Structures are given as C-alpha cells and as structure tokens.
Amino acid sequence: MTAPNPHRRGLLSGLGASLLGLTLAGCDQLNRNPALKAGLARAEGLTQAAQRLILSRSALAREFEAKDISPDFRANGTRRPGEPAYQALVENGFSDWRLQIDGLVERPLALSLDDLRARPARTQITRHDCVEGWSCIGQWTGARLSALLDEAGLKREARYIVFHCADRLDPNAAGDRGLYYESIDLVDAFHEQTILAYEMNGQALPVAHGAPLRLRVERQLGYKHAKYVMRIEAVESFAQIAGGQGGFWEDRGYEWYAGI
Amino acid sequence: MDETTPDAAAPDRRRRRRHSLPVRLTHWINVVALFVLLGSGLQIFNAHPALYWGHTSTFAEPWAAMTAEPLGDRLAGFTKVGPIKLETTGLFGLSDGQRRGFPAWATLPSYRSLADGRRWHFFFAWVLAANGVIYLAWGLASGHFRRDLAPGRTELSPRHLWAEIVEHARLRFPKGAAAHGYNSLQKLAYLAVIFVLLPLMVLSGLGMSPGVNAAWPWTFEIFGGRQSARTIHFITATLIVAFVIVHLAMVLASGPIGQIRAMITGGAGPGPGPAPTPQDGDPS
C-alpha cells in the first residue's frame, strides 16, 4: 500500500468535521422528536426494574457519622417561598400549620408539628445527591412515614403517596402546575429511612431546607425529597395531578424513578 | 486431545475475515453509544461544572471547575484543575456569551437541558452495557481475546515495544501478512480500553446512583465516595476520548479507506491472528 494521498487525507478530515457538525445539528433535531424522546424514556423502566431487582425492599442507604456532616449543605429549588399564606405560617412559628393526610385513607389526619414530634421518629445521617451532580451529608430527624400511613389506614386501591408543597417554583405555570409536588410508590413510602423531617443537624428545619417539614426518601435523588410539605395524599394514580407525571420536575422531563 | 488438531501456535490457515462480524457490529454500536454518552455526559456535567474528591462536594474548593468570573470590565471563562487555573473564554466556562462548562457544540442537546441529557445518557448507558456484555462473552467463547488480543511474551519485551514505538512515530505501519494482526501497541491499547477504561466507566457511573449505592455500597466505597466516583467517571471519559483521537489518527495514517472498509465489510485475507513471525514459534 502506498502512503495515503495528503489531499485525500485533508478531504477526509474536512468531511469528518462537517459530519460531526451535521451530527450535532441532527442530534438537536432528534432531541425535539417526541416519538424518539418517548423511546429514550423507556430506559427509565429498565433502570427501575433493574434497581428493584438488586435493591431489596429493606436495603438501607449508607448512614454516615456526625464528623461527615457537610458544613455547607446547599439548598436548591425554592429557598424562601414567597406565598403570603406561607409567610404567615413562618411568622407564627408554624403553630397554625397542620399536615393533612388524606386521599385513599380510612382516617384522614390533620397533624400539628407537636403531633408529629410525638409520633415514631427516626434520626439518620445520610448523603443528599442532587440531580445536578453534587452531594452533601446532613442529619435528619423526622416522623416515619410508614407509621403515619398505618395510623391513617391506606385503602386497598392506594398505590402512590403524593406530597403537595407550599412553594410555587414556576410562577409562569397556570394554576396548580407551578406548585411543587412529588410522589413515591409504597415500596419507598414504607421504607425504614423514609421520614418527614422536622429537624436538620439537630436544629429545627430551616426555611431554606423546607420548613416545617420535608420528605427524606434516601435511595433517590434530591428532587424527590419534597420540601414545604403541606398535604400528603394517597392515590391510585397521579395521572390527573398537575402535568400527570408524578412531580414538578417529572412534568418537566425528569425521571419519576430517580434512583440513578 | 484430538491429534488431528493443528498445533495451537501455528498460524490459522483457514480464510477468515480480518474483522469478524461480532467485532464489527459491537465496534459500530460502541461508536454510536460513546458518541451519545460523551455529548450527553458533558450536558450533565454542565449542570454543575465542578469536581470533588470524597463523599461530598466541598463547594468553596473544588478539585476542578469551570467558572465564569469578571476579568477587568468583562466576563471571562476559567478552568481550574488542581493548583492550575487558566483563562479558557470561548471554550470552557464561558462560550457564545453564555456561562456554561463545555460549549454548545460539545453537548447533547446543544442547548441547556439536564433532563434531556439524562434521557440520552441512561438509554445509551444500557446500550453500551449490553453491547459490552455481548462482546466480552463472545470474545471469551470464541477465543478472540486469546487469539487476537493477548500479546505474546516476545511482544512485551522492551526492545520489541521500543521498535514498534519508533515505527509508529515514523508513521510506518506493518504491511502484507503482518498487517492482518494487531501489533503490540494496538493490543495493549485495546486491552486497556476493553478491560480497564470501559469497566471503570460503568462502575464509576453505578457509583453515582443512589439506588445502586444502597443495594451495593461497594460501588461508591471502592472510589472513596460518590464525588470521587463522579471525578473518576470524568477522568475515564477523558482518557477514552484521548484513545479515540489516537485511534482515529492511526486509521487516517494507515490508509483510512481500506481500514474503514475492513471494519464495515470485514476485509479479506487471514484473520487478525498473531503474525507468523519466527520468534512466535512455540516448540510444541
């Protein structure tokens, strides 16, 4: 074989570069194709099935020691809800706040912070993984969700637990669609480490981190850990709630199962 | 032992293609998967363009970061790695007047969308993993690794490796029968990618998943924490990109038309067994 023709080589690298440019432009076109996006989204089901296969229902997220706690735990999403109703709650030290537990339950509940503090509690030092890529370690104390759900008595049709929040994260969205909400299935709802935290690092939960109450669902990413929880609703399906995808970020293209 | 079996060390005289069908298929699937994984990975990285070591993010002092900061009366892009900090306006930190880690041309999609980047990344992560498992199973079962990739003892001698490095530096490549097998440098590079870099890529990816971390805590503990896993994921991706650049340069330098044609059609001639050189003879 003779040495490659230099002109041919130049031609090829030019061709390669324009092919790369075309491919990238093509990727943006593909990325706007709804059928293709639905196809890509199918991997989420595979991921969830694979994780549930290797992840026993009771497997615990790693718990850390007090010395591991991050001094600079970042607050993301809403840091200070602007709604007047919420502001009024803050001014009263959340004494007027009640957690509603309703939907597909036998006995709807309305619990004050003191009521929650009297319920079965758990303290855990865990790592919080934001979907953006960063991690912080914090200590959380809160009421075990499983005990609250047992107290309310889930009806047989209940399949998901929805958390309705006080903060409007998208002020441009119409009606309820701008409000933060999240949902988890019963496997995670009854997990030992799934708590409604009212304390962070031994102090009352700060406003930036979701006062008075935030969800901790330790085996998933940060956006599942709803802050400013006002109401817990047991449902058979979340298709009729807001955008229908089971959460504020899920309605905006993020995975409902956020174990990855 | 079947006595009619030819001596294992003798060159395979059956006419085989230069690249077998499984090698070609898995190669091209890998090309697509790695291309998408790189672009979508950089999109995901751009959501928080900083890297740390350990379990958590020490925001004030990342090990590496891309930032946009004022420089005089303008905004400039900076890239910091360890103690080194360089202005990289137009490439990293700030490009097209936007604060972003990697520039638009390098990310999938080009505009900022972490959600879409994740969809592409995790779909093609499954493609890469399935493709890798098929290739590894086939490579073991068919003898591809033993026959085509395992270097012979003489190939690893410093003298032989040095001779090959000199030949590569002069852009002189084996011709004729010798060109049908992989040379030692090629074997070592492929072995490093197949058995070190790609497995490390998958493992460090799993090390970032909170679900997998709960099921198998060793997936982040072996790296020393989730943020270390993320940093190693990034470094490994960089090494794979470096491999691809050298790989493409070698293809261009050694007759790209013939090389690409062989990777598509399989090419003619004997398979990529060890070149039948005298020193390869085994006295058995």
# chains A, B, ... in the order shown; residues from 1 in each chain; ligands from 1

$ select_by_dssp --residues "segment 161-215 of chain A" --states "helix (DSSP H, G or I)" --output "VMD selection string"
chain A and resid 175 to 178 186 to 189 207 to 209

$ residues_around --residues "segment 241-244 of chain A" --least-positions-apart "2" --cutoff "10 Å" --atoms "only C-alpha atoms" --output "list in words"
Val162, Ala174, Gly175, Asp176, Arg177, Gly178, Leu179, Tyr180, Tyr181, Val235, Ser237, Phe238, Ala239, Gly246, Gly247, Phe248, Trp249, Glu250, Asp251 and Arg252 of chain A

$ write_last_selection --atoms "C-alpha atoms" --output "mmCIF file, in the first residue's frame"
data_model
loop_
_atom_site.group_PDB
_atom_site.id
_atom_site.type_symbol
_atom_site.label_atom_id
_atom_site.label_comp_id
_atom_site.auth_asym_id
_atom_site.auth_seq_id
_atom_site.Cartn_x
_atom_site.Cartn_y
_atom_site.Cartn_z
ATOM 1 C CA VAL A 162 -48.293 12.318 46.737
ATOM 2 C CA ALA A 174 -51.060 28.175 35.226
ATOM 3 C CA GLY A 175 -52.928 27.167 38.384
ATOM 4 C CA ASP A 176 -51.553 24.247 40.377
ATOM 5 C CA ARG A 177 -48.972 23.421 37.741
ATOM 6 C CA GLY A 178 -46.448 25.824 39.171
ATOM 7 C CA LEU A 179 -46.656 24.340 42.673
ATOM 8 C CA TYR A 180 -44.052 21.859 43.812
ATOM 9 C CA TYR A 181 -45.210 18.308 44.370
ATOM 10 C CA VAL A 235 -53.815 7.943 45.303
ATOM 11 C CA SER A 237 -52.783 7.106 40.016
ATOM 12 C CA PHE A 238 -51.144 10.534 39.682
ATOM 13 C CA ALA A 239 -52.170 10.960 36.050
ATOM 14 C CA GLY A 246 -45.937 12.478 39.286
ATOM 15 C CA GLY A 247 -43.896 15.527 40.234
ATOM 16 C CA PHE A 248 -42.894 19.109 39.466
ATOM 17 C CA TRP A 249 -39.633 18.109 37.770
ATOM 18 C CA GLU A 250 -41.157 14.962 36.290
ATOM 19 C CA ASP A 251 -43.654 17.234 34.494
ATOM 20 C CA ARG A 252 -40.590 18.971 33.069
#

$ residues_around --residues "His209 of chain A" --least-positions-apart "6" --cutoff "9 Å" --atoms "only C-alpha atoms" --output "PyMOL selection string"
chain A and resi 74-76+78-80+200+227-228

$ write_last_selection --atoms "C-alpha atoms" --output "mmCIF file, in the first residue's frame"
data_model
loop_
_atom_site.group_PDB
_atom_site.id
_atom_site.type_symbol
_atom_site.label_atom_id
_atom_site.label_comp_id
_atom_site.auth_asym_id
_atom_site.auth_seq_id
_atom_site.Cartn_x
_atom_site.Cartn_y
_atom_site.Cartn_z
ATOM 1 C CA ARG A 74 -26.583 23.594 49.691
ATOM 2 C CA ALA A 75 -30.274 24.498 49.433
ATOM 3 C CA ASN A 76 -31.738 24.064 45.960
ATOM 4 C CA THR A 78 -37.170 27.182 46.361
ATOM 5 C CA ARG A 79 -35.146 28.735 49.190
ATOM 6 C CA ARG A 80 -37.832 31.061 50.552
ATOM 7 C CA MET A 200 -31.799 19.105 60.278
ATOM 8 C CA LYS A 227 -39.748 20.500 50.836
ATOM 9 C CA TYR A 228 -42.520 22.628 52.482
#

$ closest_atom_pairs --of "chain B" --to "chain A" --cutoff "8 Å" --atoms "only C-alpha atoms" --output "tab-separated table"
residue	atom	partner	partner_atom	distance
B:Ile44	CA	A:Glu132	CA	7.1
B:Phe45	CA	A:Gly133	CA	7.4
B:Ala47	CA	A:Glu132	CA	5.1
B:His48	CA	A:Glu132	CA	5.6
B:His55	CA	A:Ser135	CA	7.2
B:Thr56	CA	A:Ser135	CA	4.8
B:Ser57	CA	A:Ser135	CA	5.4
B:Thr58	CA	A:Asp72	CA	7.6
B:Phe59	CA	A:Asp72	CA	7.5
B:Trp105	CA	A:Leu24	CA	7.0
B:Leu108	CA	A:Cys27	CA	6.9
B:Pro109	CA	A:Asp28	CA	5.3
B:Ser110	CA	A:Asp28	CA	6.6
B:Leu114	CA	A:Glu132	CA	7.8
B:Ala115	CA	A:Tyr254	CA	5.0
B:Asp116	CA	A:Gly253	CA	7.0
B:Arg119	CA	A:Leu40	CA	5.9
B:Trp120	CA	A:Leu40	CA	6.3
B:Phe122	CA	A:Ala43	CA	6.7
B:Phe123	CA	A:Ala43	CA	5.1
B:Trp126	CA	A:Ala43	CA	7.5
B:Lys175	CA	A:Met1	CA	7.3
B:Met208	CA	A:Ile260	CA	7.3
B:Ser209	CA	A:Ile260	CA	4.3
B:Pro210	CA	A:Arg219	CA	5.2
B:Gly211	CA	A:Gly259	CA	4.4
B:Val212	CA	A:Gln51	CA	6.5
B:Asn213	CA	A:Ala61	CA	7.0
B:Ala214	CA	A:Ala61	CA	4.3
B:Ala215	CA	A:Leu55	CA	4.7
B:Pro217	CA	A:Arg62	CA	7.0
B:Arg226	CA	A:Ser135	CA	7.7
B:Gln227	CA	A:Ser135	CA	7.1
B:Arg230	CA	A:Gly133	CA	8.0
B:Leu252	CA	A:Arg9	CA	6.9
B:Ala253	CA	A:Pro4	CA	7.1
B:Ser254	CA	A:Pro4	CA	7.3
B:Gly255	CA	A:Pro4	CA	5.7

$ write_last_selection --atoms "C-alpha atoms" --output "tab-separated table (two decimals), in the first residue's frame"
chain	number	residue	atom	x	y	z
B	44	ILE	CA	-24.98	16.54	32.58
B	45	PHE	CA	-21.57	17.81	33.73
B	47	ALA	CA	-25.38	21.27	35.36
B	48	HIS	CA	-22.62	21.53	37.98
B	55	HIS	CA	-18.21	11.64	49.65
B	56	THR	CA	-19.40	15.24	49.39
B	57	SER	CA	-18.96	18.44	47.43
B	58	THR	CA	-16.68	20.97	49.08
B	59	PHE	CA	-18.19	23.84	47.13
B	105	TRP	CA	-21.12	22.21	20.12
B	108	LEU	CA	-26.26	16.85	23.58
B	109	PRO	CA	-28.60	18.62	23.16
B	110	SER	CA	-26.62	21.76	22.31
B	114	LEU	CA	-30.20	18.38	32.03
B	115	ALA	CA	-33.42	16.33	31.76
B	116	ASP	CA	-32.84	15.53	28.08
B	119	ARG	CA	-32.57	10.58	28.99
B	120	TRP	CA	-29.96	10.16	26.25
B	122	PHE	CA	-29.13	6.46	30.53
B	123	PHE	CA	-30.63	4.95	27.37
B	126	TRP	CA	-27.84	0.45	28.70
B	175	LYS	CA	2.18	-4.26	5.53
B	208	MET	CA	-23.08	7.77	41.43
B	209	SER	CA	-26.52	6.12	41.56
B	210	PRO	CA	-28.19	6.48	44.98
B	211	GLY	CA	-30.28	3.35	44.33
B	212	VAL	CA	-27.30	1.18	43.36
B	213	ASN	CA	-25.33	2.70	46.27
B	214	ALA	CA	-27.98	1.44	48.72
B	215	ALA	CA	-28.02	-2.03	47.16
B	217	PRO	CA	-22.40	0.17	48.93
B	226	ARG	CA	-19.74	9.36	45.34
B	227	GLN	CA	-17.96	12.58	44.41
B	230	ARG	CA	-18.00	11.28	39.62
B	252	LEU	CA	-6.00	8.16	8.98
B	253	ALA	CA	-2.27	7.49	8.90
B	254	SER	CA	-2.53	3.86	7.86
B	255	GLY	CA	-4.86	4.10	4.88

$ residues_around --residues "Asp115 of chain A" --least-positions-apart "4" --cutoff "10 Å" --atoms "only C-alpha atoms" --output "list in words"
Arg98, Leu99, Ala110, Leu111, Arg119 and Ala143 of chain A

$ closest_residue --among "A:Thr194, A:Ser146, A:Thr123, A:Gln139" --to "Arg216 of chain A" --atoms "only C-alpha atoms"
A:Thr194

$ select_by_dssp --residues "segment 35-261 of chain B" --states "strand (DSSP E)" --output "list in words"
Ala50, Leu51, Ala64, Ala65, Met66, Thr67, Ala68, Glu69, Pro70, Leu71, Arg74, Leu75, Ala76, Gly77, Phe78, Thr79, Lys80, Val81, Ile84, Lys85, Leu86, Glu87, Gly93, Leu94, Ser95, Gln98, Arg99 and Arg100 of chain B

$ write_last_selection --atoms "N, CA and C atoms" --output "JSON list (two decimals), in the first residue's frame"
[["chain", "number", "residue", "atom", "x", "y", "z"],
["B", 50, "ALA", "N", -18.14, 21.24, 38.24],
["B", 50, "ALA", "CA", -17.08, 21.19, 39.25],
["B", 50, "ALA", "C", -16.92, 19.75, 39.72],
["B", 51, "LEU", "N", -15.69, 19.39, 40.07],
["B", 51, "LEU", "CA", -15.40, 18.02, 40.50],
["B", 51, "LEU", "C", -14.72, 18.04, 41.87],
["B", 64, "ALA", "N", -11.52, 20.48, 40.58],
["B", 64, "ALA", "CA", -11.50, 21.03, 39.22],
["B", 64, "ALA", "C", -12.83, 21.73, 38.99],
["B", 65, "ALA", "N", -12.80, 22.82, 38.22],
["B", 65, "ALA", "CA", -14.05, 23.55, 37.98],
["B", 65, "ALA", "C", -13.93, 24.42, 36.74],
["B", 66, "MET", "N", -15.08, 24.66, 36.11],
["B", 66, "MET", "CA", -15.16, 25.63, 35.02],
["B", 66, "MET", "C", -16.08, 26.74, 35.49],
["B", 67, "THR", "N", -15.59, 27.96, 35.45],
["B", 67, "THR", "CA", -16.35, 29.09, 36.00],
["B", 67, "THR", "C", -16.32, 30.27, 35.03],
["B", 68, "ALA", "N", -17.25, 31.21, 35.25],
["B", 68, "ALA", "CA", -17.22, 32.49, 34.54],
["B", 68, "ALA", "C", -17.08, 33.57, 35.61],
["B", 69, "GLU", "N", -16.02, 34.37, 35.50],
["B", 69, "GLU", "CA", -15.75, 35.38, 36.52],
["B", 69, "GLU", "C", -15.36, 36.69, 35.83],
["B", 70, "PRO", "N", -15.58, 37.83, 36.53],
["B", 70, "PRO", "CA", -15.18, 39.11, 35.94],
["B", 70, "PRO", "C", -13.66, 39.18, 35.80],
["B", 71, "LEU", "N", -13.23, 39.71, 34.66],
["B", 71, "LEU", "CA", -11.80, 39.92, 34.43],
["B", 71, "LEU", "C", -11.71, 41.33, 33.85],
["B", 74, "ARG", "N", -14.81, 42.83, 31.78],
["B", 74, "ARG", "CA", -15.57, 41.82, 31.02],
["B", 74, "ARG", "C", -15.67, 40.54, 31.84],
["B", 75, "LEU", "N", -16.54, 39.64, 31.35],
["B", 75, "LEU", "CA", -16.68, 38.33, 31.97],
["B", 75, "LEU", "C", -15.76, 37.37, 31.21],
["B", 76, "ALA", "N", -15.07, 36.51, 31.93],
["B", 76, "ALA", "CA", -14.15, 35.57, 31.28],
["B", 76, "ALA", "C", -14.40, 34.16, 31.79],
["B", 77, "GLY", "N", -14.12, 33.19, 30.95],
["B", 77, "GLY", "CA", -14.24, 31.78, 31.34],
["B", 77, "GLY", "C", -12.92, 31.29, 31.91],
["B", 78, "PHE", "N", -13.00, 30.50, 32.98],
["B", 78, "PHE", "CA", -11.80, 29.96, 33.60],
["B", 78, "PHE", "C", -11.95, 28.46, 33.80],
["B", 79, "THR", "N", -10.82, 27.77, 33.70],
["B", 79, "THR", "CA", -10.79, 26.35, 34.02],
["B", 79, "THR", "C", -9.72, 26.13, 35.06],
["B", 80, "LYS", "N", -10.13, 25.47, 36.14],
["B", 80, "LYS", "CA", -9.19, 25.19, 37.23],
["B", 80, "LYS", "C", -9.06, 23.67, 37.35],
["B", 81, "VAL", "N", -7.83, 23.19, 37.39],
["B", 81, "VAL", "CA", -7.57, 21.78, 37.69],
["B", 81, "VAL", "C", -6.46, 21.74, 38.72],
["B", 84, "ILE", "N", -3.74, 24.59, 39.12],
["B", 84, "ILE", "CA", -3.62, 25.36, 37.88],
["B", 84, "ILE", "C", -4.94, 26.01, 37.53],
["B", 85, "LYS", "N", -4.91, 27.30, 37.16],
["B", 85, "LYS", "CA", -6.12, 27.98, 36.72],
["B", 85, "LYS", "C", -5.80, 28.79, 35.46],
["B", 86, "LEU", "N", -6.55, 28.52, 34.40],
["B", 86, "LEU", "CA", -6.28, 29.16, 33.12],
["B", 86, "LEU", "C", -7.52, 29.85, 32.60],
["B", 87, "GLU", "N", -7.33, 30.94, 31.84],
["B", 87, "GLU", "CA", -8.48, 31.55, 31.17],
["B", 87, "GLU", "C", -8.80, 30.73, 29.93],
["B", 93, "GLY", "N", -16.24, 27.34, 30.48],
["B", 93, "GLY", "CA", -16.64, 28.35, 31.47],
["B", 93, "GLY", "C", -17.52, 29.43, 30.88],
["B", 94, "LEU", "N", -17.14, 29.93, 29.72],
["B", 94, "LEU", "CA", -17.90, 30.99, 29.05],
["B", 94, "LEU", "C", -17.73, 30.80, 27.55],
["B", 95, "SER", "N", -18.85, 30.56, 26.85],
["B", 95, "SER", "CA", -18.77, 30.45, 25.39],
["B", 95, "SER", "C", -20.04, 31.01, 24.79],
["B", 98, "GLN", "N", -22.34, 32.85, 26.96],
["B", 98, "GLN", "CA", -23.13, 32.15, 27.98],
["B", 98, "GLN", "C", -22.20, 31.52, 29.00],
["B", 99, "ARG", "N", -22.67, 31.53, 30.26],
["B", 99, "ARG", "CA", -21.96, 30.78, 31.29],
["B", 99, "ARG", "C", -22.28, 29.32, 31.08],
["B", 100, "ARG", "N", -21.32, 28.53, 30.70],
["B", 100, "ARG", "CA", -21.53, 27.09, 30.61],
["B", 100, "ARG", "C", -20.18, 26.39, 30.64]]
